[in-house]
Amino acid sequence: MRRLPPWAAPGRILGDMTAPQPGRPQVLDCPAETPAAIRAVLAANAGPEVLARYDAELDAAFVKAREDGDLTVLTATVRRWWFEADAWRDSEAQRAFLARVDRYSAEGPPPPGERMSWQEFRARHSA
C-alpha cells in the first residue's frame with residue numbers, strides 16, 4: 001500500500017490540493033492570492049523543501065487562526081507566501097532575483113536611479 005506524505009494525510013488542510021510535478025519548470029501567470037493558487041505555483045516550480053515549508057506554515061496559520069478566532073495570522077501567511085509564489089512562477093526570474101540579492105549583499109544596494117519606488121512596487125504587485 002502506498003504511504004501518503006504528511007501533508008496529504010486524511011484530515012489535513014491541504015490534503016486535496018495538487019501534487020507536485022517536479023522537473024517541469026514553467027512560466028506561470030501571477031497567482032491569485034489564495035492558498036490553492038500559491039500551492040499550485042510552488043508545486044510546479046519550487047523544490048519539495050519549499051513546498052513542505054509552505055504546507056507546514058499554512059497549516060500552523062490555520063490552526064492559530066482557529067484557536068485565536070482571528071484571521072490576521074492566516075492572511076499574513078498567505079500574503080507572504082504569495083510574494084514567494086510570485087517569485088517562483090518564473091524559474092529564470094527567480095534565479096535572476098537570487099543573483100541580485102547575492103550581489104546586493106556583497107556590494108550594497110543599487111544606485112537610486114536603478115531602484116524601484118514604493119509606488120512602482122505597489123502598482124506591479126497590487127491586485
# chains A, B, ... in the order shown; residues from 1 in each chain; ligands from 1
>>> residues_around(residues="Thr34 of chain A", least_positions_apart="5", cutoff="9 Å", atoms="only C-alpha atoms", output="number ranges by chain")
A: 39, 78-79, 82
>>> write_last_selection(atoms="N, CA and C atoms", output="PDB file, in the first residue's frame")
ATOM      1  N   ARG A  39      -0.061  27.347  -3.811  1.00  0.00           N
ATOM      2  CA  ARG A  39       0.477  25.983  -3.774  1.00  0.00           C
ATOM      3  C   ARG A  39       0.695  25.442  -5.188  1.00  0.00           C
ATOM      4  N   VAL A  78      -0.577  33.907   4.099  1.00  0.00           N
ATOM      5  CA  VAL A  78      -0.933  33.784   2.682  1.00  0.00           C
ATOM      6  C   VAL A  78      -0.289  34.916   1.890  1.00  0.00           C
ATOM      7  N   ARG A  79      -0.326  36.122   2.404  1.00  0.00           N
ATOM      8  CA  ARG A  79       0.269  37.271   1.689  1.00  0.00           C
ATOM      9  C   ARG A  79       1.777  37.089   1.509  1.00  0.00           C
ATOM     10  N   TRP A  82       2.398  34.502  -1.015  1.00  0.00           N
ATOM     11  CA  TRP A  82       2.032  34.956  -2.349  1.00  0.00           C
ATOM     12  C   TRP A  82       3.238  35.607  -3.023  1.00  0.00           C
TER      13      TRP A  82
END
>>> residues_around(residues="segment 90-102 of chain A", least_positions_apart="3", cutoff="10 Å", atoms="only C-alpha atoms", output="PyMOL selection string")
chain A and resi 25-30+41+45-46+84-87+105-110
>>> atom_distance(atom1="atom CA of Leu74 of chain A", atom2="atom CA of Ala36 of chain A")
13.6 Å
>>> closest_residue(among="A:Arg124, A:Ala76, A:Asp70, A:Ala44", to="Glu57 of chain A", atoms="only C-alpha atoms")
A:Ala76
>>> atom_distance(atom1="atom CA of Gly47 of chain A", atom2="atom CA of Val73 of chain A")
24.6 Å
